[in-house]
>>> print(open('run_6.csv').read())   # CSV, C-alpha atoms and all ligand atoms
chain,number,residue,atom,x,y,z
A,1350,MET,CA,-24.8,3.1,-19.5
A,1351,MET,CA,-24.2,5.2,-16.4
A,1352,GLU,CA,-27.8,4.9,-15.3
A,1353,ASN,CA,-27.4,1.1,-15.7
A,1354,PHE,CA,-24.3,1.2,-13.6
A,1355,ILE,CA,-26.1,3.0,-10.8
A,1356,LYS,CA,-28.8,0.3,-10.8
A,1357,TYR,CA,-26.3,-2.5,-11.0
A,1358,VAL,CA,-24.3,-1.3,-8.0
A,1359,GLN,CA,-27.5,-0.7,-6.0
A,1360,GLU,CA,-28.6,-4.2,-6.8
A,1361,LEU,CA,-25.2,-5.7,-5.8
A,1362,TYR,CA,-25.2,-3.9,-2.5
A,1363,GLY,CA,-29.0,-4.3,-2.0
A,1364,THR,CA,-29.7,-0.7,-1.2
A,1365,LYS,CA,-30.7,2.6,-2.8
A,1366,ASP,CA,-29.0,4.6,0.0
A,1367,PHE,CA,-25.5,6.1,-0.3
A,1368,ILE,CA,-22.9,3.5,-1.1
A,1369,PRO,CA,-19.4,4.2,0.2
A,1370,LEU,CA,-16.3,3.3,-1.8
A,1371,HIS,CA,-14.9,0.8,0.8
A,1372,GLU,CA,-16.5,0.0,4.1
A,1373,PRO,CA,-15.0,-2.3,6.7
A,1374,ARG,CA,-16.8,-5.5,7.5
A,1375,PHE,CA,-17.0,-6.8,11.1
A,1376,TRP,CA,-18.5,-10.2,10.6
A,1377,GLY,CA,-16.2,-12.3,12.8
A,1378,ASN,CA,-14.8,-12.1,16.3
A,1379,GLU,CA,-14.3,-8.3,16.5
A,1380,GLN,CA,-16.8,-7.7,19.3
A,1381,LYS,CA,-15.5,-10.7,21.3
A,1382,TYR,CA,-11.8,-9.8,21.0
A,1383,VAL,CA,-12.2,-6.1,21.6
A,1384,ALA,CA,-14.5,-6.8,24.6
A,1385,ASP,CA,-11.9,-9.2,25.9
A,1386,CYS,CA,-9.2,-6.6,25.5
A,1387,ILE,CA,-11.2,-4.0,27.4
A,1388,ASP,CA,-12.0,-6.5,30.2
A,1389,SER,CA,-8.3,-7.2,30.5
A,1390,THR,CA,-7.6,-3.5,31.0
A,1391,PHE,CA,-4.7,-3.8,28.6
A,1392,VAL,CA,-6.0,-1.5,25.9
A,1393,SER,CA,-2.8,0.4,25.3
A,1394,SER,CA,0.9,-0.2,24.8
A,1395,VAL,CA,1.2,-3.7,26.0
A,1396,GLY,CA,-0.9,-6.8,25.7
A,1397,LYS,CA,-1.3,-10.2,24.1
A,1398,TYR,CA,-3.2,-9.1,21.0
A,1399,VAL,CA,-0.2,-7.1,19.6
A,1400,ASP,CA,2.0,-10.2,19.7
A,1401,LYS,CA,-0.8,-12.4,18.3
A,1402,PHE,CA,-1.5,-10.0,15.5
A,1403,GLU,CA,2.2,-9.8,14.6
A,1404,GLN,CA,2.4,-13.6,14.6
A,1405,LEU,CA,-0.7,-14.0,12.4
A,1406,THR,CA,0.5,-11.4,9.9
A,1407,ALA,CA,3.9,-13.0,9.7
A,1408,GLU,CA,2.3,-16.4,9.1
A,1409,TYR,CA,-0.1,-15.0,6.5
A,1410,THR,CA,2.5,-13.2,4.5
A,1411,GLY,CA,5.2,-15.8,4.8
A,1412,ALA,CA,7.6,-13.1,6.2
A,1413,LYS,CA,9.7,-14.3,9.1
A,1414,PHE,CA,9.0,-11.3,11.2
A,1415,ALA,CA,6.2,-8.7,11.6
A,1416,ILE,CA,6.3,-5.5,13.7
A,1417,ALA,CA,3.0,-3.7,14.4
A,1418,THR,CA,3.0,0.1,14.2
A,1419,VAL,CA,0.5,2.9,14.7
A,1420,ASN,CA,-0.1,3.3,11.0
A,1421,GLY,CA,1.3,2.4,7.6
A,1422,THR,CA,3.1,5.7,7.1
A,1423,ALA,CA,5.0,5.1,10.4
A,1424,ALA,CA,5.9,1.6,9.2
A,1425,LEU,CA,7.3,3.0,6.0
A,1426,HIS,CA,9.2,5.7,7.9
A,1427,ILE,CA,10.9,3.1,10.0
A,1428,ALA,CA,11.6,0.7,7.1
A,1429,LEU,CA,13.4,3.6,5.3
A,1430,LEU,CA,15.4,4.6,8.4
A,1431,LEU,CA,16.4,1.0,9.0
A,1432,SER,CA,17.5,0.7,5.4
A,1433,GLY,CA,19.9,3.6,6.1
A,1434,VAL,CA,18.0,6.3,4.3
A,1435,LYS,CA,19.1,9.7,5.5
A,1436,ASN,CA,19.8,13.3,4.8
A,1437,ARG,CA,20.1,14.0,1.0
A,1438,ASP,CA,19.8,10.4,-0.1
A,1439,GLU,CA,17.6,9.7,-3.1
A,1440,VAL,CA,14.8,7.2,-3.0
A,1441,ILE,CA,13.2,6.1,-6.2
A,1442,THR,CA,9.4,5.6,-6.2
A,1443,GLN,CA,6.4,6.1,-8.5
A,1444,PRO,CA,4.4,9.3,-8.8
A,1445,LEU,CA,1.2,7.3,-9.0
A,1446,THR,CA,0.8,6.4,-5.3
A,1447,PHE,CA,-0.8,7.8,-2.1
A,1448,ILE,CA,1.0,10.8,-0.7
A,1449,ALA,CA,2.2,8.8,2.4
A,1450,THR,CA,4.9,7.1,0.2
A,1451,ALA,CA,6.6,10.3,-0.6
A,1452,ASN,CA,6.0,11.8,2.9
A,1453,ALA,CA,7.7,8.9,4.6
A,1454,ILE,CA,10.7,9.4,2.3
A,1455,SER,CA,10.8,13.1,3.2
A,1456,TYR,CA,10.6,12.4,7.0
A,1457,CYS,CA,14.1,10.9,6.5
A,1458,ASN,CA,15.2,14.2,4.9
A,1459,ALA,CA,15.7,12.2,1.7
A,1460,ASN,CA,14.4,13.2,-1.7
A,1461,PRO,CA,11.9,11.1,-3.7
A,1462,VAL,CA,12.6,10.5,-7.4
A,1463,PHE,CA,9.5,9.8,-9.4
A,1464,LEU,CA,9.7,7.3,-12.3
A,1465,ASP,CA,7.0,6.1,-14.5
A,1466,VAL,CA,4.7,3.1,-14.0
A,1467,ASP,CA,3.8,0.1,-16.2
A,1468,LYS,CA,0.6,0.1,-18.2
A,1469,GLU,CA,-0.1,-3.5,-17.1
A,1470,THR,CA,0.4,-3.1,-13.4
A,1471,MET,CA,0.1,0.6,-12.4
A,1472,GLY,CA,3.3,-0.1,-10.5
A,1473,LEU,CA,6.9,1.2,-10.9
A,1474,SER,CA,8.2,0.2,-14.3
A,1475,PRO,CA,11.4,-1.9,-14.2
A,1476,VAL,CA,12.2,-0.7,-17.7
A,1477,LYS,CA,12.1,2.9,-16.6
A,1478,LEU,CA,14.0,2.1,-13.5
A,1479,GLU,CA,16.9,0.5,-15.4
A,1480,GLU,CA,16.8,3.4,-18.0
A,1481,PHE,CA,17.0,6.0,-15.3
A,1482,LEU,CA,19.9,4.3,-13.5
A,1483,THR,CA,21.8,3.7,-16.7
A,1484,GLU,CA,21.5,7.3,-17.7
A,1485,ASN,CA,21.8,9.0,-14.3
A,1486,ALA,CA,23.7,6.8,-11.9
A,1487,GLU,CA,27.3,5.6,-11.4
A,1488,ILE,CA,28.8,3.2,-9.0
A,1489,HIS,CA,31.5,4.7,-6.9
A,1490,ASP,CA,34.5,3.0,-5.3
A,1491,ASP,CA,32.5,2.2,-2.2
A,1492,GLY,CA,30.2,0.0,-4.4
A,1493,TYR,CA,27.2,2.2,-4.1
A,1494,ALA,CA,25.1,4.0,-6.7
A,1495,TYR,CA,25.3,7.8,-6.9
A,1496,ASN,CA,23.3,10.3,-9.0
A,1497,LYS,CA,25.8,11.8,-11.5
A,1498,THR,CA,24.1,15.2,-11.4
A,1499,SER,CA,23.2,15.7,-7.7
A,1500,LYS,CA,26.2,13.5,-6.5
A,1501,ASN,CA,23.8,12.1,-3.9
A,1502,ARG,CA,23.5,8.4,-3.0
A,1503,ILE,CA,20.6,6.6,-4.5
A,1504,LYS,CA,19.8,4.6,-1.4
A,1505,ALA,CA,16.5,2.9,-1.9
A,1506,CYS,CA,13.6,2.0,-4.2
A,1507,VAL,CA,10.0,1.9,-3.1
A,1508,PRO,CA,7.6,0.4,-5.6
A,1509,MET,CA,3.9,0.3,-4.7
A,1510,HIS,CA,1.4,-2.4,-5.5
A,1511,THR,CA,-1.4,-0.2,-6.7
A,1512,PHE,CA,-4.9,-1.2,-5.5
A,1513,GLY,CA,-3.5,-4.7,-4.7
A,1514,HIS,CA,-2.1,-5.4,-8.2
A,1515,SER,CA,1.6,-6.5,-8.0
A,1516,ALA,CA,4.2,-4.5,-9.7
A,1517,LYS,CA,6.9,-6.5,-11.6
A,1518,VAL,CA,8.7,-6.9,-8.4
A,1519,ASP,CA,11.1,-9.7,-9.4
A,1520,GLU,CA,12.6,-7.5,-12.2
A,1521,ILE,CA,12.7,-4.5,-9.9
A,1522,ALA,CA,14.5,-6.6,-7.2
A,1523,ALA,CA,17.1,-7.8,-9.7
A,1524,ILE,CA,17.8,-4.2,-10.8
A,1525,CYS,CA,18.1,-3.0,-7.2
A,1526,LYS,CA,20.5,-5.8,-6.5
A,1527,LYS,CA,22.6,-4.9,-9.5
A,1528,TRP,CA,22.9,-1.3,-8.5
A,1529,ASN,CA,23.2,-2.0,-4.7
A,1530,ILE,CA,19.9,-0.2,-3.9
A,1531,GLU,CA,17.7,-1.3,-1.0
A,1532,LEU,CA,14.3,-2.5,-1.9
A,1533,ILE,CA,11.3,-1.6,0.3
A,1534,GLU,CA,7.9,-2.5,-1.0
A,1535,ASP,CA,4.9,-0.3,-0.1
A,1536,THR,CA,2.4,-3.1,0.3
A,1537,ALA,CA,-0.1,-0.9,2.1
A,1538,GLU,CA,-2.8,-1.9,-0.4
A,1539,SER,CA,-1.7,-5.4,-1.2
A,1540,LEU,CA,-2.2,-7.6,1.9
A,1541,GLY,CA,-3.0,-11.0,0.4
A,1542,SER,CA,-1.7,-10.2,-3.1
A,1543,LYS,CA,1.0,-12.4,-4.5
A,1544,PHE,CA,3.5,-12.1,-7.3
A,1545,LYS,CA,4.5,-15.5,-8.8
A,1546,GLY,CA,3.0,-17.2,-5.7
A,1547,LYS,CA,5.1,-15.1,-3.2
A,1548,HIS,CA,3.4,-12.6,-1.0
A,1549,THR,CA,4.1,-9.0,-2.0
A,1550,GLY,CA,6.3,-7.2,0.5
A,1551,THR,CA,8.7,-10.2,0.8
A,1552,PHE,CA,11.0,-9.5,-2.2
A,1553,GLY,CA,13.2,-6.9,-0.6
A,1554,LYS,CA,14.5,-5.8,2.8
A,1555,PHE,CA,11.1,-4.7,4.1
A,1556,GLY,CA,7.5,-4.6,3.2
A,1557,ILE,CA,5.0,-2.4,5.0
A,1558,LEU,CA,1.2,-2.8,5.5
A,1559,SER,CA,-1.6,-0.5,6.4
A,1560,PHE,CA,-4.7,-1.4,8.4
A,1561,ASN,CA,-6.4,2.0,8.0
A,1562,GLY,CA,-10.2,1.9,8.0
A,1563,ASN,CA,-10.4,1.8,4.2
A,1564,LYS,CA,-7.9,-1.0,3.6
A,1565,THR,CA,-8.7,-4.7,3.0
A,1566,ILE,CA,-8.7,-5.4,6.7
A,1567,THR,CA,-8.6,-2.7,9.4
A,1568,THR,CA,-7.5,-2.2,13.0
A,1569,GLY,CA,-9.1,1.3,13.0
A,1570,GLY,CA,-5.6,2.7,12.3
A,1571,GLY,CA,-2.5,0.6,12.2
A,1572,GLY,CA,0.4,-0.7,10.2
A,1573,MET,CA,3.0,-3.4,10.0
A,1574,ILE,CA,6.6,-3.8,9.0
A,1575,ILE,CA,7.5,-7.2,7.5
A,1576,THR,CA,11.0,-8.5,7.0
A,1577,ASN,CA,13.0,-11.7,7.0
A,1578,ASP,CA,16.0,-10.1,8.8
A,1579,GLU,CA,16.0,-11.0,12.5
A,1580,GLU,CA,18.4,-8.2,13.6
A,1581,LEU,CA,16.4,-5.5,11.7
A,1582,ALA,CA,13.1,-6.9,13.1
A,1583,LYS,CA,14.4,-6.7,16.6
A,1584,PHE,CA,15.6,-3.1,16.1
A,1585,ALA,CA,12.4,-2.2,14.4
A,1586,LYS,CA,10.5,-3.2,17.5
A,1587,HIS,CA,12.9,-1.4,19.7
A,1588,ILE,CA,12.9,1.9,17.8
A,1589,THR,CA,9.1,1.9,17.4
A,1590,THR,CA,8.6,1.4,21.1
A,1591,THR,CA,10.6,4.3,22.6
A,1592,GLY,CA,13.9,2.4,22.6
A,1593,LYS,CA,13.6,1.4,26.2
A,1594,ILE,CA,16.0,-1.1,27.6
A,1595,PRO,CA,14.1,-3.8,29.5
A,1596,HIS,CA,14.4,-3.4,33.2
A,1597,LYS,CA,12.3,-4.0,36.3
A,1598,TRP,CA,11.8,-0.3,36.9
A,1599,GLU,CA,14.5,1.9,35.4
A,1600,TYR,CA,13.8,4.2,32.4
A,1601,VAL,CA,16.9,3.9,30.3
A,1602,HIS,CA,16.6,4.5,26.6
A,1603,ASP,CA,19.5,3.9,24.3
A,1604,VAL,CA,18.3,5.4,21.0
A,1605,ARG,CA,16.4,8.4,19.8
A,1606,ALA,CA,13.3,6.3,19.2
A,1607,PHE,CA,9.6,6.7,18.3
A,1608,ASN,CA,6.3,6.0,19.9
A,1609,TYR,CA,5.0,4.2,16.8
A,1610,ARG,CA,3.5,1.2,18.5
A,1611,MET,CA,0.1,-0.2,17.8
A,1612,PRO,CA,-2.3,-0.2,20.8
A,1613,ASN,CA,-3.5,-3.5,22.0
A,1614,LEU,CA,-7.1,-2.5,21.4
A,1615,ASN,CA,-6.4,-2.0,17.7
A,1616,ALA,CA,-4.5,-5.3,17.5
A,1617,ALA,CA,-7.5,-7.1,19.0
A,1618,LEU,CA,-9.6,-5.8,16.1
A,1619,GLY,CA,-6.8,-6.9,13.7
A,1620,CYS,CA,-6.8,-10.4,15.1
A,1621,ALA,CA,-10.5,-10.8,14.3
A,1622,GLN,CA,-10.1,-9.2,10.9
A,1623,ILE,CA,-7.2,-11.3,9.7
A,1624,GLU,CA,-9.2,-14.4,10.4
A,1625,GLN,CA,-11.6,-13.3,7.6
A,1626,LEU,CA,-9.0,-12.1,5.2
A,1627,ASP,CA,-9.2,-15.1,2.8
A,1628,PHE,CA,-13.0,-14.8,2.7
A,1629,PHE,CA,-12.8,-11.0,2.0
A,1630,ILE,CA,-10.4,-11.6,-0.9
A,1631,THR,CA,-12.5,-14.4,-2.3
A,1632,GLN,CA,-15.5,-12.1,-2.3
A,1633,LYS,CA,-13.5,-9.2,-3.8
A,1634,ARG,CA,-12.4,-11.5,-6.6
A,1635,LYS,CA,-16.0,-12.5,-7.2
A,1636,LEU,CA,-17.0,-8.9,-7.3
A,1637,PHE,CA,-14.4,-8.3,-10.0
A,1638,LYS,CA,-16.0,-11.1,-12.1
A,1639,LYS,CA,-19.4,-9.4,-11.7
A,1640,TYR,CA,-18.1,-6.1,-12.8
A,1641,GLU,CA,-16.2,-7.7,-15.6
A,1642,ILE,CA,-19.5,-9.0,-17.0
A,1643,PHE,CA,-21.2,-5.7,-16.5
A,1644,PHE,CA,-18.6,-3.6,-18.3
A,1645,LYS,CA,-17.9,-6.2,-21.1
A,1646,ASP,CA,-19.9,-4.4,-23.8
A,1647,THR,CA,-19.3,-0.9,-22.7
A,1648,GLU,CA,-16.5,1.5,-23.6
A,1649,ILE,CA,-15.3,1.4,-20.0
A,1650,ASN,CA,-12.4,-1.0,-19.2
A,1651,LEU,CA,-12.1,-2.7,-15.9
A,1652,PHE,CA,-8.5,-3.0,-14.6
A,1653,LYS,CA,-7.6,-6.7,-14.4
A,1654,GLU,CA,-4.9,-8.4,-12.3
A,1655,PRO,CA,-1.6,-8.5,-14.3
A,1656,GLU,CA,0.1,-11.6,-15.4
A,1657,ASN,CA,1.9,-13.5,-12.6
A,1658,SER,CA,-0.1,-11.6,-10.0
A,1659,PHE,CA,-2.8,-12.8,-7.6
A,1660,SER,CA,-4.5,-9.6,-6.7
A,1661,ASN,CA,-6.6,-8.9,-3.6
A,1662,TYR,CA,-8.6,-6.5,-5.7
A,1663,TRP,CA,-8.6,-4.0,-2.7
A,1664,LEU,CA,-10.2,-1.3,-4.9
A,1665,GLN,CA,-11.8,-2.0,-8.2
A,1666,ALA,CA,-10.7,0.4,-10.9
A,1667,VAL,CA,-12.2,1.4,-14.2
A,1668,VAL,CA,-10.3,3.1,-17.0
A,1669,LEU,CA,-12.4,5.7,-18.8
A,1670,LYS,CA,-11.8,7.0,-22.3
A,1671,ASN,CA,-10.2,10.3,-21.3
A,1672,ARG,CA,-10.1,13.0,-18.6
A,1673,ASN,CA,-13.5,14.4,-19.7
A,1674,ALA,CA,-15.2,11.0,-19.5
A,1675,ARG,CA,-13.6,10.5,-16.1
A,1676,ASP,CA,-14.9,13.8,-14.8
A,1677,ASN,CA,-18.4,13.0,-16.2
A,1678,PHE,CA,-18.4,9.6,-14.6
A,1679,LEU,CA,-17.3,11.0,-11.2
A,1680,GLU,CA,-19.9,13.8,-11.4
A,1681,TYR,CA,-22.7,11.5,-12.3
A,1682,THR,CA,-22.0,8.6,-9.9
A,1683,ASN,CA,-21.3,10.8,-6.8
A,1684,GLY,CA,-24.4,12.8,-7.7
A,1685,LYS,CA,-26.5,9.6,-7.5
A,1686,GLY,CA,-25.1,8.5,-4.1
A,1687,ILE,CA,-22.6,6.0,-5.4
A,1688,MET,CA,-19.2,7.1,-4.0
A,1689,THR,CA,-16.5,6.9,-6.6
A,1690,ARG,CA,-13.0,8.5,-6.5
A,1691,PRO,CA,-10.3,9.3,-9.0
A,1692,ILE,CA,-6.8,7.8,-8.7
A,1693,TRP,CA,-4.3,10.2,-7.1
A,1694,GLN,CA,-2.9,13.3,-8.6
A,1695,LEU,CA,0.7,12.5,-9.5
A,1696,LEU,CA,2.8,13.3,-6.5
A,1697,ASN,CA,5.3,15.4,-8.4
A,1698,LYS,CA,2.4,17.9,-8.9
A,1699,SER,CA,1.9,18.5,-5.2
A,1700,LYS,CA,3.7,21.6,-4.0
A,1701,MET,CA,6.0,19.8,-1.5
A,1702,TYR,CA,7.4,17.6,-4.3
A,1703,LYS,CA,7.3,19.9,-7.3
A,1704,ASN,CA,11.1,20.1,-7.5
A,1705,ALA,CA,11.6,16.4,-7.3
A,1706,GLN,CA,13.5,14.6,-10.1
A,1707,ILE,CA,11.2,12.9,-12.5
A,1708,ASP,CA,11.5,11.0,-15.8
A,1709,ASP,CA,8.9,11.0,-18.6
A,1710,LEU,CA,5.7,10.2,-16.8
A,1711,THR,CA,3.5,9.5,-19.8
A,1712,ILE,CA,1.9,6.3,-18.5
A,1713,ALA,CA,1.3,7.7,-15.0
A,1714,GLN,CA,-0.4,10.7,-16.5
A,1715,TRP,CA,-2.4,8.5,-18.7
A,1716,PHE,CA,-3.8,6.7,-15.6
A,1717,GLU,CA,-4.3,9.9,-13.7
A,1718,ASP,CA,-6.6,11.1,-16.5
A,1719,ARG,CA,-8.7,8.0,-16.7
A,1720,VAL,CA,-8.8,5.8,-13.6
A,1721,VAL,CA,-11.7,5.9,-11.2
A,1722,ASN,CA,-12.3,3.5,-8.2
A,1723,ILE,CA,-15.8,2.1,-7.9
A,1724,SER,CA,-17.7,0.5,-5.0
A,1725,SER,CA,-15.4,-2.2,-3.7
A,1726,SER,CA,-16.7,-3.2,-0.2
A,1727,VAL,CA,-17.0,-6.9,0.4
A,1728,ILE,CA,-20.4,-8.4,-0.3
A,1729,LYS,CA,-21.3,-11.5,1.7
A,1730,ASN,CA,-23.4,-13.4,-0.8
A,1731,LEU,CA,-22.1,-13.2,-4.4
B,1801,LIG,C1,-2.8,3.6,2.9
B,1801,LIG,C2,-1.5,3.8,2.3
B,1801,LIG,C3,-0.4,4.1,3.1
B,1801,LIG,C4,-0.4,4.6,4.5
B,1801,LIG,O1,-1.1,4.0,5.4
B,1801,LIG,P1,-1.7,4.7,6.7
B,1801,LIG,O2,-2.0,3.5,7.6
B,1801,LIG,O3,-2.9,5.4,6.3
B,1801,LIG,O4,-0.6,5.6,7.3
B,1801,LIG,C5,0.9,4.2,2.5
B,1801,LIG,N1,1.0,3.9,1.2
B,1801,LIG,C6,-0.1,3.6,0.4
B,1801,LIG,C7,0.1,3.3,-1.0
B,1801,LIG,C8,-1.4,3.6,0.9
B,1801,LIG,O5,-2.4,3.3,0.1
>>> encode(input="run_6.csv", output="C-alpha cells", more="lines below")
Ligand SMILES: *Cc1c(COP(=O)(O)O)cnc(C)c1O
Amino acid sequence: MMENFIKYVQELYGTKDFIPLHEPRFWGNEQKYVADCIDSTFVSSVGKYVDKFEQLTAEYTGAKFAIATVNGTAALHIALLLSGVKNRDEVITQPLTFIATANAISYCNANPVFLDVDKETMGLSPVKLEEFLTENAEIHDDGYAYNKTSKNRIKACVPMHTFGHSAKVDEIAAICKKWNIELIEDTAESLGSKFKGKHTGTFGKFGILSFNGNKTITTGGGGMIITNDEELAKFAKHITTTGKIPHKWEYVHDVRAFNYRMPNLNAALGCAQIEQLDFFITQKRKLFKKYEIFFKDTEINLFKEPENSFSNYWLQAVVLKNRNARDNFLEYTNGKGIMTRPIWQLLNKSKMYKNAQIDDLTIAQWFEDRVVNISSSVIKNL
C-alpha cells in the first residue's frame, strides 16, 4: 500500500524528486506586481498594495474591514488585545492547533484553557465548551463569566478551523453569547472556507488570517485581521502602525502601539495571490477527490470536510490506525522523498503551557496519535 502511495503521489506531481508538503504557486501577476512595487520605490511601510490587498481580502471574506499585519500571530495578538484580553484573563481554545494560537494568548499575559475538539471537525467542541462553562464558570453581577476556581474572568474563546475544515462555529458563537465571552476565530488555515455559506472568521468579533509561505496563499510572511466593527478596525490599523497621529511632520503617538504592519512588497505578492485563490481551492478540492479514490479500499481514512462546511482543503489529512501506524507511515514516506508531517503535539504538553487548565482531551489525543498531512500543493492540471 505505502509503495503504491509513493508511486501515486509521484504521478500526481509528475516527479520522482523530493515532494514538499505544501509549496506556494506563483502562476499569476506576482512578478508584475512585485516589480511594479519595486519600481515605485514604495516597498516598505506605505503604498497602494497594502490598501488594495486589504480591500480584496475584505471583499473575498465578506468582512466589512480587513487590516494587514506582519504575520498571523501578530494579527491574533491584536485581535485579543482589542477584545480586552489582559493580565490573568482566561481564553478558551483547543489543544489541537499550531503553537501560535496559545502564544498570542500569552502575549496578553492571559492564560489559555484547552478544551477538547470534535471528531467530525478537529475544531473546538461546542459540547465540551458548554460543559466546561456550566461546571466551572459563573456569571457575576457585572454580567461577565468568571472561573469559579481561579476567580479570573473568562474573556474570550478562540476556536481554530483545522486544515481549513470549519469548526461548529454557529454553536460556539451561541454559547459565547450566552456567557458573554468574546469570539475570535483563528482562521489562519481557512481562507476560502465557509460554514453554512458564511466565510469563517466572520462569526465573532474578529477573525485572523495568515499568509505565511505554507498557507493557501502567501505574501512571504503576513497576516490579516478581519472584523465588521468599524471602530475596532480603525483602532486595529492605528495600533498596528505605531499609533501615530496623522500630521504633516510631527511625530506624535497617542498609544503604546506596535510595528505590526505588512510591508507593501509583501502586499503586492498578496494581491497577485488572491486573484488565484478560487482556482487554488478548486484544485485542492479536486486533489481531495483523487486521494479519496486512492485510499478507498485501504485501511487509511482521508479526512473529509464536515457537514455544513465548504473546506479549502489547505492540507490534506489522513487518519492512520494508531500511533504505531502513524510513525511507520511518516518514516516510510519521508524516507522516500515524499514529505509528510504529523498533526501538532497537543499544546498542553509543551512546557510553556503544561500548567494550563484542560478538560478531558480524549478526541484531541486520538487525532494526535493518528493524523498525518500528505502532499497538498496545488496541481494545475487535475
Ligand atoms: C499559520 C498559523 C498561525 C500563525 O500564522 P503566522 O503567519 O505564521 O504567524 C496561527 N494559527 C494557526 C492555526 C496557524 O496555522
>>> closest_residue(input="run_6.csv", among="A:Ala1417, A:Leu1425, A:Ile1566, A:Val1440", to="ligand LIG 1801 (chain B)", atoms="all atoms listed in the file")
A:Leu1425
>>> residues_near_ligand(input="run_6.csv", ligand="ligand LIG 1801 (chain B)", cutoff="6 Å", atoms="all atoms listed in the file", output="PyMOL selection string")
chain A and resi 1420-1422+1446-1447+1449-1450+1535+1537-1538+1559-1561+1570-1572
>>> atom_distance(input="run_6.csv", atom1="atom CA of A:Asp1708", atom2="atom CA of A:Asn1722")
26.1 Å
>>> residues_near_point(input="run_6.csv", point="(7.3, -8.1, 8.6)", cutoff="7 Å", atoms="all atoms listed in the file", output="list in words")
Ala1407, Ala1412, Lys1413, Phe1414, Ala1415, Ile1416, Phe1555, Gly1556, Met1573, Ile1574, Ile1575, Thr1576 and Asn1577 of chain A
>>> residues_around(input="run_6.csv", residues="A:Ile1649", least_positions_apart="4", cutoff="10 Å", atoms="all atoms listed in the file", output="list in words")
Met1350, Phe1643, Phe1644, Lys1645, Val1667, Val1668, Leu1669, Lys1670, Ala1674 and Arg1719 of chain A
>>> atom_distance(input="run_6.csv", atom1="atom CA of A:Ile1427", atom2="atom CA of A:Ser1474")
24.6 Å
>>> residues_around(input="run_6.csv", residues="stretch 1351-1360 of chain A", least_positions_apart="4", cutoff="12 Å", atoms="only C-alpha atoms", output="number ranges by chain")
A: 1364-1370, 1636, 1639-1640, 1642-1644, 1647-1649, 1674-1675, 1677-1689, 1723-1726, 1728, 1731
>>> atom_distance(input="run_6.csv", atom1="atom CA of A:Leu1532", atom2="atom CA of A:Phe1512")
19.6 Å
>>> residues_around(input="run_6.csv", residues="A:Glu1484", least_positions_apart="6", cutoff="12 Å", atoms="all atoms listed in the file", output="PyMOL selection string")
chain A and resi 1477-1478+1495-1498+1708
>>> closest_residue(input="run_6.csv", among="A:Phe1552, A:Phe1402, A:Phe1375, A:Tyr1702", to="A:Leu1614", atoms="all atoms listed in the file")
A:Phe1402
>>> closest_residue(input="run_6.csv", among="A:Lys1597, A:Lys1517, A:His1426, A:Lys1527", to="A:Lys1543", atoms="all atoms listed in the file")
A:Lys1517
